[in-house]
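> What follows is the file data03.cif, containing mmCIF, C-alpha atoms:
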data_protein
#
loop_
_atom_site.group_PDB
_atom_site.id
_atom_site.type_symbol
_atom_site.label_atom_id
_atom_site.label_comp_id
_atom_site.auth_asym_id
_atom_site.auth_seq_id
_atom_site.Cartn_x
_atom_site.Cartn_y
_atom_site.Cartn_z
ATOM 1 C CA MET B 1 100.452 111.251 58.973
ATOM 2 C CA LYS B 2 100.984 107.703 60.242
ATOM 3 C CA ARG B 3 102.697 109.019 63.366
ATOM 4 C CA ASN B 4 99.763 111.289 64.182
ATOM 5 C CA ILE B 5 97.331 108.405 63.733
ATOM 6 C CA PHE B 6 99.468 106.368 66.123
ATOM 7 C CA TYR B 7 99.396 109.163 68.720
ATOM 8 C CA ILE B 8 95.605 109.266 68.517
ATOM 9 C CA PHE B 9 95.607 105.491 69.040
ATOM 10 C CA LEU B 10 97.769 105.858 72.151
ATOM 11 C CA ILE B 11 95.469 108.496 73.628
ATOM 12 C CA SER B 12 92.461 106.284 73.055
ATOM 13 C CA CYS B 13 94.228 103.518 74.985
ATOM 14 C CA ILE B 14 94.423 105.682 78.113
ATOM 15 C CA THR B 15 90.899 104.666 79.067
ATOM 16 C CA GLY B 16 92.012 101.046 79.035
ATOM 17 C CA PHE B 17 94.144 101.581 82.133
ATOM 18 C CA SER B 18 91.568 101.528 84.909
ATOM 19 C CA GLN B 19 92.847 103.639 87.803
ATOM 20 C CA VAL B 20 96.552 104.335 88.199
ATOM 21 C CA ASN B 21 97.465 101.206 90.137
ATOM 22 C CA GLU B 22 97.624 98.733 87.258
ATOM 23 C CA ASN B 23 98.537 96.461 85.536
ATOM 24 C CA LEU B 24 101.412 94.849 87.427
ATOM 25 C CA LEU B 25 102.575 91.376 86.454
ATOM 26 C CA MET B 26 103.989 90.331 89.839
ATOM 27 C CA GLU B 27 100.839 91.022 91.826
ATOM 28 C CA ARG B 28 101.749 88.651 94.650
ATOM 29 C CA PHE B 29 104.861 90.720 95.455
ATOM 30 C CA ASN B 30 103.224 94.113 94.762
ATOM 31 C CA MET B 31 100.008 93.502 96.652
ATOM 32 C CA ASN B 32 99.976 96.901 98.349
ATOM 33 C CA ALA B 33 99.427 98.553 94.959
ATOM 34 C CA PHE B 34 95.784 97.532 95.323
ATOM 35 C CA ASN B 35 95.449 96.322 98.941
ATOM 36 C CA PRO B 36 96.624 98.548 101.838
ATOM 37 C CA ALA B 37 96.187 95.609 104.263
ATOM 38 C CA PHE B 38 99.486 94.234 102.882
ATOM 39 C CA VAL B 39 101.391 96.857 104.911
ATOM 40 C CA GLY B 40 103.237 95.179 107.781
ATOM 41 C CA SER B 41 102.265 91.652 106.734
ATOM 42 C CA GLU B 42 105.870 90.908 105.711
ATOM 43 C CA GLY B 43 107.635 93.225 108.150
ATOM 44 C CA ARG B 44 109.628 96.324 107.350
ATOM 45 C CA GLN B 45 110.494 96.592 103.660
ATOM 46 C CA VAL B 46 110.952 98.914 100.723
ATOM 47 C CA SER B 47 110.413 98.042 97.056
ATOM 48 C CA PHE B 48 110.494 99.529 93.586
ATOM 49 C CA THR B 49 108.815 98.261 90.414
ATOM 50 C CA SER B 50 109.188 99.428 86.825
ATOM 51 C CA ARG B 51 106.634 98.163 84.285
ATOM 52 C CA SER B 52 106.699 98.821 80.538
ATOM 53 C CA TYR B 53 104.314 97.894 77.725
ATOM 54 C CA TRP B 54 104.622 97.448 73.961
ATOM 55 C CA GLN B 55 108.372 97.009 73.602
ATOM 56 C CA GLY B 56 109.898 98.744 70.607
ATOM 57 C CA ILE B 57 107.256 101.485 70.472
ATOM 58 C CA ALA B 58 108.318 105.023 71.386
ATOM 59 C CA GLN B 59 106.425 106.670 74.274
ATOM 60 C CA ALA B 60 104.526 103.452 75.039
ATOM 61 C CA PRO B 61 102.707 103.154 78.410
ATOM 62 C CA SER B 62 104.788 102.606 81.547
ATOM 63 C CA ILE B 63 104.315 102.316 85.321
ATOM 64 C CA SER B 64 106.686 103.157 88.180
ATOM 65 C CA TYR B 65 105.800 102.015 91.689
ATOM 66 C CA PHE B 66 107.522 102.781 95.012
ATOM 67 C CA PHE B 67 106.374 101.189 98.268
ATOM 68 C CA TYR B 68 107.480 101.403 101.912
ATOM 69 C CA SER B 69 106.152 99.359 104.824
ATOM 70 C CA GLY B 70 106.987 99.783 108.480
ATOM 71 C CA ASN B 71 107.103 97.138 111.190
ATOM 72 C CA PRO B 72 103.934 96.480 113.209
ATOM 73 C CA LYS B 73 103.765 98.430 116.474
ATOM 74 C CA LYS B 74 100.980 97.323 118.792
ATOM 75 C CA ASN B 75 99.469 95.511 115.775
ATOM 76 C CA LEU B 76 99.391 98.721 113.710
ATOM 77 C CA SER B 77 101.584 99.160 110.620
ATOM 78 C CA LEU B 78 102.046 102.281 108.504
ATOM 79 C CA GLY B 79 103.375 102.620 104.991
ATOM 80 C CA ALA B 80 103.460 104.828 101.928
ATOM 81 C CA SER B 81 103.308 104.332 98.178
ATOM 82 C CA VAL B 82 103.703 106.311 94.971
ATOM 83 C CA ILE B 83 102.457 104.958 91.634
ATOM 84 C CA THR B 84 102.991 106.776 88.342
ATOM 85 C CA ASN B 85 101.177 105.646 85.214
ATOM 86 C CA LYS B 86 102.312 107.334 81.992
ATOM 87 C CA VAL B 87 100.639 106.966 78.587
ATOM 88 C CA PHE B 88 102.003 109.292 75.886
ATOM 89 C CA ILE B 89 101.058 112.841 77.003
ATOM 90 C CA ASP B 90 99.002 111.672 79.987
ATOM 91 C CA ARG B 91 100.603 111.130 83.413
ATOM 92 C CA ARG B 92 98.720 110.096 86.557
ATOM 93 C CA THR B 93 100.464 109.791 89.907
ATOM 94 C CA LEU B 94 98.957 108.342 93.060
ATOM 95 C CA TYR B 95 100.387 109.442 96.425
ATOM 96 C CA ALA B 96 99.044 107.436 99.342
ATOM 97 C CA VAL B 97 99.557 106.657 103.013
ATOM 98 C CA ASP B 98 98.564 103.153 104.087
ATOM 99 C CA ALA B 99 97.620 101.758 107.488
ATOM 100 C CA SER B 100 96.991 98.155 108.446
ATOM 101 C CA TYR B 101 95.798 96.599 111.697
ATOM 102 C CA GLN B 102 96.698 93.004 112.531
ATOM 103 C CA LEU B 103 94.318 90.603 114.246
ATOM 104 C CA SER B 104 95.359 87.164 115.504
ATOM 105 C CA MET B 105 92.895 84.488 114.413
ATOM 106 C CA GLY B 106 94.438 81.617 116.362
ATOM 107 C CA GLY B 107 97.421 79.453 115.571
ATOM 108 C CA GLU B 108 99.474 81.058 112.815
ATOM 109 C CA SER B 109 96.459 82.675 111.140
ATOM 110 C CA LYS B 110 96.346 86.462 110.882
ATOM 111 C CA LEU B 111 93.837 88.937 109.499
ATOM 112 C CA PHE B 112 95.048 92.344 108.303
ATOM 113 C CA LEU B 113 92.572 95.190 107.783
ATOM 114 C CA GLY B 114 93.878 98.156 105.831
ATOM 115 C CA ILE B 115 92.943 101.622 104.654
ATOM 116 C CA LYS B 116 94.540 103.769 101.947
ATOM 117 C CA ALA B 117 94.254 107.571 101.824
ATOM 118 C CA GLY B 118 95.866 110.026 99.461
ATOM 119 C CA ALA B 119 95.434 111.837 96.176
ATOM 120 C CA THR B 120 95.938 111.322 92.461
ATOM 121 C CA SER B 121 97.308 114.039 90.213
ATOM 122 C CA LYS B 122 96.484 114.022 86.504
ATOM 123 C CA ILE B 123 98.719 115.967 84.124
ATOM 124 C CA THR B 124 98.093 116.016 80.378
ATOM 125 C CA ASP B 125 100.651 117.902 78.288
ATOM 126 C CA ILE B 126 98.464 119.029 75.373
ATOM 127 C CA GLU B 127 101.179 121.386 74.123
ATOM 128 C CA SER B 128 103.445 118.452 73.246
ATOM 129 C CA LEU B 129 100.967 117.116 70.680
ATOM 130 C CA GLU B 130 102.222 117.237 67.102
ATOM 131 C CA ARG B 131 99.036 118.250 65.336
ATOM 132 C CA ILE B 132 98.411 118.282 61.593
ATOM 133 C CA THR B 133 96.432 121.523 61.778
ATOM 134 C CA ASN B 134 95.860 124.329 64.271
ATOM 135 C CA THR B 135 92.135 124.296 63.641
ATOM 136 C CA ALA B 136 90.194 124.086 66.911
ATOM 137 C CA ASN B 137 89.279 120.510 67.827
ATOM 138 C CA PRO B 138 86.481 120.090 70.423
ATOM 139 C CA ALA B 139 87.851 116.619 71.273
ATOM 140 C CA ILE B 140 91.101 118.162 72.563
ATOM 141 C CA THR B 141 90.771 120.191 75.754
ATOM 142 C CA ASN B 142 93.403 122.379 77.356
ATOM 143 C CA ASP B 143 92.058 121.541 80.803
ATOM 144 C CA GLY B 144 94.242 118.464 81.221
ATOM 145 C CA ASN B 145 95.380 118.866 84.846
ATOM 146 C CA ALA B 146 93.525 117.904 87.992
ATOM 147 C CA VAL B 147 93.881 116.485 91.510
ATOM 148 C CA PHE B 148 91.325 114.266 93.202
ATOM 149 C CA PRO B 149 91.231 112.336 96.522
ATOM 150 C CA VAL B 150 91.801 108.613 96.980
ATOM 151 C CA LEU B 151 90.256 106.472 99.696
ATOM 152 C CA GLY B 152 90.414 102.685 99.639
ATOM 153 C CA PHE B 153 90.293 99.677 101.921
ATOM 154 C CA GLY B 154 91.221 96.014 101.933
ATOM 155 C CA ALA B 155 91.579 92.809 103.917
ATOM 156 C CA LEU B 156 94.276 90.152 103.885
ATOM 157 C CA PHE B 157 93.960 86.756 105.573
ATOM 158 C CA LYS B 158 97.199 84.793 105.935
ATOM 159 C CA THR B 159 98.105 81.374 107.257
ATOM 160 C CA LYS B 160 101.305 79.389 106.888
ATOM 161 C CA ALA B 161 99.853 77.585 103.859
ATOM 162 C CA PHE B 162 97.734 80.155 101.989
ATOM 163 C CA PHE B 163 96.473 83.752 101.755
ATOM 164 C CA LEU B 164 93.295 85.521 100.632
ATOM 165 C CA SER B 165 93.155 89.182 99.611
ATOM 166 C CA ALA B 166 90.163 91.410 98.806
ATOM 167 C CA SER B 167 90.236 95.160 98.250
ATOM 168 C CA ILE B 168 88.918 98.271 96.570
ATOM 169 C CA PRO B 169 91.924 100.631 96.303
ATOM 170 C CA ASN B 170 89.770 103.684 95.571
ATOM 171 C CA PHE B 171 86.004 103.916 95.787
ATOM 172 C CA LEU B 172 85.905 107.691 95.211
ATOM 173 C CA ASN B 173 85.108 108.370 91.565
ATOM 174 C CA PRO B 174 86.626 111.734 90.510
ATOM 175 C CA VAL B 175 83.400 112.891 88.832
ATOM 176 C CA ASN B 176 83.175 115.859 91.232
ATOM 177 C CA PHE B 177 86.812 116.859 90.794
ATOM 178 C CA VAL B 178 87.745 116.339 87.132
ATOM 179 C CA ASN B 179 86.134 117.795 84.020
ATOM 180 C CA ASP B 180 87.143 114.898 81.764
ATOM 181 C CA ASN B 181 84.598 112.212 80.919
ATOM 182 C CA ALA B 182 87.246 109.780 79.655
ATOM 183 C CA LEU B 183 89.208 109.964 82.926
ATOM 184 C CA VAL B 184 86.096 109.710 85.092
ATOM 185 C CA GLY B 185 85.062 106.588 83.223
ATOM 186 C CA SER B 186 88.467 104.922 83.580
ATOM 187 C CA GLU B 187 88.681 105.686 87.316
ATOM 188 C CA LYS B 188 85.526 103.851 88.375
ATOM 189 C CA PRO B 189 86.131 101.755 91.531
ATOM 190 C CA ASN B 190 87.659 98.364 90.782
ATOM 191 C CA THR B 191 87.558 95.310 93.039
ATOM 192 C CA TYR B 192 90.633 93.104 93.411
ATOM 193 C CA LEU B 193 90.589 89.484 94.583
ATOM 194 C CA LEU B 194 93.771 87.455 94.996
ATOM 195 C CA ALA B 195 94.412 84.024 96.490
ATOM 196 C CA GLY B 196 97.490 81.839 96.688
ATOM 197 C CA THR B 197 98.890 78.836 98.470
ATOM 198 C CA SER B 198 102.209 77.107 99.055
ATOM 199 C CA PHE B 199 103.115 73.474 99.596
ATOM 200 C CA ASP B 200 106.255 71.352 99.628
ATOM 201 C CA VAL B 201 107.111 69.489 96.446
ATOM 202 C CA GLY B 202 109.492 67.140 98.202
ATOM 203 C CA VAL B 203 112.394 67.626 95.786
ATOM 204 C CA PHE B 204 115.494 69.721 96.617
ATOM 205 C CA GLY B 205 113.580 71.590 99.324
ATOM 206 C CA SER B 206 111.354 73.265 96.738
ATOM 207 C CA LYS B 207 107.815 74.655 97.106
ATOM 208 C CA LEU B 208 105.054 75.167 94.566
ATOM 209 C CA LYS B 209 103.170 78.480 94.898
ATOM 210 C CA PRO B 210 100.075 78.712 92.663
ATOM 211 C CA PHE B 211 97.835 81.802 92.650
ATOM 212 C CA ILE B 212 94.766 83.277 91.016
ATOM 213 C CA SER B 213 93.686 86.918 90.849
ATOM 214 C CA THR B 214 90.643 88.696 89.492
ATOM 215 C CA LYS B 215 90.107 92.386 88.806
ATOM 216 C CA LEU B 216 86.447 93.347 88.513
ATOM 217 C CA ILE B 217 86.157 96.405 86.243
ATOM 218 C CA PRO B 218 82.847 98.315 86.016
ATOM 219 C CA ASP B 219 81.660 98.682 82.403
ATOM 220 C CA GLY B 220 84.764 96.834 81.210
ATOM 221 C CA GLU B 221 86.243 93.398 80.690
ATOM 222 C CA ASN B 222 87.131 91.681 83.962
ATOM 223 C CA GLN B 223 90.682 90.369 84.157
ATOM 224 C CA THR B 224 91.703 87.003 85.599
ATOM 225 C CA HIS B 225 95.332 86.033 86.105
ATOM 226 C CA ILE B 226 96.260 82.385 86.822
ATOM 227 C CA GLY B 227 99.797 81.219 87.478
ATOM 228 C CA GLY B 228 102.370 80.040 89.938
ATOM 229 C CA THR B 229 106.039 79.815 90.838
ATOM 230 C CA LEU B 230 108.438 77.097 91.911
ATOM 231 C CA ASP B 231 110.586 78.176 94.861
ATOM 232 C CA PHE B 232 113.982 76.498 95.299
ATOM 233 C CA LYS B 233 115.098 76.722 98.962
ATOM 234 C CA ASN B 234 113.827 80.301 99.275
ATOM 235 C CA PHE B 235 116.628 81.424 96.951
ATOM 236 C CA LEU B 236 115.341 81.108 93.385
ATOM 237 C CA GLU B 237 111.765 81.367 92.086
ATOM 238 C CA ILE B 238 110.710 80.694 88.519
ATOM 239 C CA GLY B 239 107.132 80.867 87.311
ATOM 240 C CA ALA B 240 104.576 81.714 84.683
ATOM 241 C CA GLY B 241 101.048 83.079 84.370
ATOM 242 C CA TYR B 242 98.241 83.649 81.896
ATOM 243 C CA LYS B 243 95.668 86.451 81.712
ATOM 244 C CA ASN B 244 92.265 85.984 80.115
ATOM 245 C CA ILE B 245 92.820 89.137 78.028
ATOM 246 C CA GLY B 246 95.325 87.215 75.903
ATOM 247 C CA PHE B 247 98.717 87.569 77.600
ATOM 248 C CA THR B 248 101.254 85.056 78.926
ATOM 249 C CA ASN B 249 104.107 85.951 81.285
ATOM 250 C CA PHE B 250 107.232 84.350 82.730
ATOM 251 C CA LEU B 251 109.221 85.469 85.756
ATOM 252 C CA LEU B 252 112.499 84.838 87.535
ATOM 253 C CA MET B 253 113.296 85.958 91.092
ATOM 254 C CA VAL B 254 116.505 85.728 93.117
ATOM 255 C CA LYS B 255 116.351 86.175 96.905
ATOM 256 C CA THR B 256 119.398 86.745 99.091
ATOM 257 C CA LYS B 257 119.931 85.922 102.766
ATOM 258 C CA PHE B 258 120.514 89.582 103.656
ATOM 259 C CA GLY B 259 117.028 90.675 102.534
ATOM 260 C CA LEU B 260 117.468 91.796 98.925
ATOM 261 C CA SER B 261 115.191 90.284 96.259
ATOM 262 C CA VAL B 262 115.350 91.014 92.525
ATOM 263 C CA ALA B 263 112.841 89.768 89.952
ATOM 264 C CA TYR B 264 112.210 90.132 86.235
ATOM 265 C CA ALA B 265 109.030 89.264 84.337
ATOM 266 C CA TYR B 266 108.363 89.236 80.601
ATOM 267 C CA GLU B 267 104.903 89.365 79.040
ATOM 268 C CA PHE B 268 103.765 88.684 75.490
ATOM 269 C CA GLY B 269 100.532 87.907 73.694
ATOM 270 C CA ILE B 270 97.780 88.877 71.298
ATOM 271 C CA PRO B 271 95.106 91.103 72.912
ATOM 272 C CA ASN B 272 91.558 89.794 72.676
ATOM 273 C CA GLY B 273 89.849 90.914 69.478
ATOM 274 C CA GLN B 274 93.099 92.180 67.928
ATOM 275 C CA ALA B 275 94.419 89.129 66.075
ATOM 276 C CA ALA B 276 96.795 91.204 63.947
ATOM 277 C CA VAL B 277 98.491 92.862 66.939
ATOM 278 C CA THR B 278 101.207 91.236 69.059
ATOM 279 C CA ARG B 279 102.394 93.107 72.140
ATOM 280 C CA SER B 280 105.090 92.466 74.707
ATOM 281 C CA GLY B 281 106.333 94.135 77.857
ATOM 282 C CA ASN B 282 108.479 93.573 80.923
ATOM 283 C CA GLU B 283 108.608 94.302 84.633
ATOM 284 C CA LEU B 284 111.542 94.745 87.023
ATOM 285 C CA PHE B 285 111.004 94.320 90.758
ATOM 286 C CA ILE B 286 113.488 95.105 93.567
ATOM 287 C CA LYS B 287 112.702 94.619 97.264
ATOM 288 C CA PHE B 288 114.688 94.911 100.458
ATOM 289 C CA ASN B 289 113.542 93.515 103.817
ATOM 290 C CA PHE B 290 115.158 95.197 106.808
#
Could you write out this structure as structure tokens?

Amino acid sequence: MKRNIFYIFLISCITGFSQVNENLLMERFNMNAFNPAFVGSEGRQVSFTSRSYWQGIAQAPSISYFFYSGNPKKNLSLGASVITNKVFIDRRTLYAVDASYQLSMGGESKLFLGIKAGATSKITDIESLERITNTANPAITNDGNAVFPVLGFGALFKTKAFFLSASIPNFLNPVNFVNDNALVGSEKPNTYLLAGTSFDVGVFGSKLKPFISTKLIPDGENQTHIGGTLDFKNFLEIGAGYKNIGFTNFLLMVKTKFGLSVAYAYEFGIPNGQAAVTRSGNELFIKFNF
């Protein structure tokens, strides 16, 4: 009985994950998940991210993210990304092609304008539910699969000292493609804002890199993430962040001279309004610059 109640709780949490491209801890390194203008801004690279929630709980939510970026050719860069968001019996996967155009703004300043196009598949395995009774339940529908288009855009302004990012990764609500009110509500267009800077500390060749991000969620609680990292000679980065929804995170990144970077982040906290619940999760990030 308790297990079935827990499954119902997990399903109800699906609507808390707005769109498939969230919620990554290392946003600064995974910017293309929500801003296609990031393609080409750091050259040719490939990366993979694995994000898990609620450690110690079976079938808890998880995210897998793959990203490829090509080198700019005549100021145009192309890339591709795949993001899978799994919550119990619900799996949503975003397949997208990204394009970014680079404009020189004078000096070392650059403006990248990007567009994302693709599709999201939604698969809900109703048959795997362990139900208490076989009596028909109008709240459970067998029509759990669907595919709907994705179209987003973004802008990224970069200088040697700071960057500004603004984007809407998908402004097409699937209301005309999916017969599922809960999914339609959770896929309303979100707006992402991210800013960061970097300056020398003057000790051991280190740099301080603070950032702030905001996700504007229609009909939901907006999320703000404030944090920063300390970079030691472009080899080791350590940092921390805090989200206004009640979570704190710490991260460690190692960067090699031949282009490989590996990072790990750990998150813990008490969600707002749920004083009796403590949750934790982690994120693994691997990137290779060609």
> On this file, the PyMOL selection byres ((chain B and resi 155-170) around 6) gives some set of residues; write that set as a list in words.
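So the PyMOL selection byres ((chain B and resi 155-170) around 6) ends up selecting Phe34, Asn35, Ala37, Glu108, Ser109, Lys110, Leu111, Phe112, Leu113, Val150, Leu151, Gly152, Phe153, Gly154, Phe171, Leu172, Pro189, Asn190, Thr191, Tyr192, Leu193, Leu194, Ala195, Gly196, Thr197 and Ser198 of chain B.
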> Compute the distance from (107.0, 79.1, 87.2) to each atom, counting all atoms listed in the file, keep the residues with any atom at most 8 Å away, and return them as a VMD selection string; use the coordinates of the file.
chain B and resid 227 to 230 237 to 241 250 to 252
> Residues of the last selection are to be written out with C-alpha atoms, as a compact mmCIF listing (two decimals), in the frame of the given file.

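So selection.txt came out as:
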# COMPACT_ATOMS: atom_id res chain seq x y z
CA GLY B 227 99.80 81.22 87.48
CA GLY B 228 102.37 80.04 89.94
CA THR B 229 106.04 79.82 90.84
CA LEU B 230 108.44 77.10 91.91
CA GLU B 237 111.76 81.37 92.09
CA ILE B 238 110.71 80.69 88.52
CA GLY B 239 107.13 80.87 87.31
CA ALA B 240 104.58 81.71 84.68
CA GLY B 241 101.05 83.08 84.37
CA PHE B 250 107.23 84.35 82.73
CA LEU B 251 109.22 85.47 85.76
CA LEU B 252 112.50 84.84 87.54
> Written as a PyMOL selection string, what is the full residue list that the PyMOL selection byres ((chain B and resi 43) around 12) yields on the file shown?
chain B and resi 38-42+44-46+68-73+75-79+100+102+259+288-290
> Atoms to include: C-alpha atoms. Write the selected residues as a PDB file, keeping the file's coordinate frame.

ATOM      1  CA  PHE B  38      99.486  94.234 102.882  1.00  0.00           C
ATOM      2  CA  VAL B  39     101.391  96.857 104.911  1.00  0.00           C
ATOM      3  CA  GLY B  40     103.237  95.179 107.781  1.00  0.00           C
ATOM      4  CA  SER B  41     102.265  91.652 106.734  1.00  0.00           C
ATOM      5  CA  GLU B  42     105.870  90.908 105.711  1.00  0.00           C
ATOM      6  CA  ARG B  44     109.628  96.324 107.350  1.00  0.00           C
ATOM      7  CA  GLN B  45     110.494  96.592 103.660  1.00  0.00           C
ATOM      8  CA  VAL B  46     110.952  98.914 100.723  1.00  0.00           C
ATOM      9  CA  TYR B  68     107.480 101.403 101.912  1.00  0.00           C
ATOM     10  CA  SER B  69     106.152  99.359 104.824  1.00  0.00           C
ATOM     11  CA  GLY B  70     106.987  99.783 108.480  1.00  0.00           C
ATOM     12  CA  ASN B  71     107.103  97.138 111.190  1.00  0.00           C
ATOM     13  CA  PRO B  72     103.934  96.480 113.209  1.00  0.00           C
ATOM     14  CA  LYS B  73     103.765  98.430 116.474  1.00  0.00           C
ATOM     15  CA  ASN B  75      99.469  95.511 115.775  1.00  0.00           C
ATOM     16  CA  LEU B  76      99.391  98.721 113.710  1.00  0.00           C
ATOM     17  CA  SER B  77     101.584  99.160 110.620  1.00  0.00           C
ATOM     18  CA  LEU B  78     102.046 102.281 108.504  1.00  0.00           C
ATOM     19  CA  GLY B  79     103.375 102.620 104.991  1.00  0.00           C
ATOM     20  CA  SER B 100      96.991  98.155 108.446  1.00  0.00           C
ATOM     21  CA  GLN B 102      96.698  93.004 112.531  1.00  0.00           C
ATOM     22  CA  GLY B 259     117.028  90.675 102.534  1.00  0.00           C
ATOM     23  CA  PHE B 288     114.688  94.911 100.458  1.00  0.00           C
ATOM     24  CA  ASN B 289     113.542  93.515 103.817  1.00  0.00           C
ATOM     25  CA  PHE B 290     115.158  95.197 106.808  1.00  0.00           C
TER      26      PHE B 290
END
> Assuming the chain letters and numbering stay as they are in my file, what does the PyMOL selection byres ((chain B and resi 28) around 9) actually select? List them as a compact mmCIF listing (two decimals) with C-alpha atoms, in the frame of the given file.

# COMPACT_ATOMS: atom_id res chain seq x y z
CA LEU B 25 102.58 91.38 86.45
CA MET B 26 103.99 90.33 89.84
CA GLU B 27 100.84 91.02 91.83
CA PHE B 29 104.86 90.72 95.46
CA ASN B 30 103.22 94.11 94.76
CA MET B 31 100.01 93.50 96.65
CA LEU B 194 93.77 87.46 95.00
CA ALA B 195 94.41 84.02 96.49
CA GLY B 196 97.49 81.84 96.69
CA PHE B 211 97.84 81.80 92.65
> If we count only C-alpha atoms and set the cut-off at 7 Å, which residues sit around Phe67 (chain B), ignoring sequence neighbours fewer than 4 positions away in its own chain? Please answer as a list in words.
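Here the answer would be Val46, Ser47, Phe48, Ala80, Ser81 and Val82 of chain B.
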> Quick one: of B:Val175, B:Met105, B:Ile245, B:Ile286, who's nearest to Leu260 (chain B), counting only C-alpha atoms?
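For Leu260 (chain B), the nearest of the given residues is B:Ile286.
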> In Å to one decimal, how far is CA of Ile226 (chain B) from CA of Phe199 (chain B)?
17.0 Å
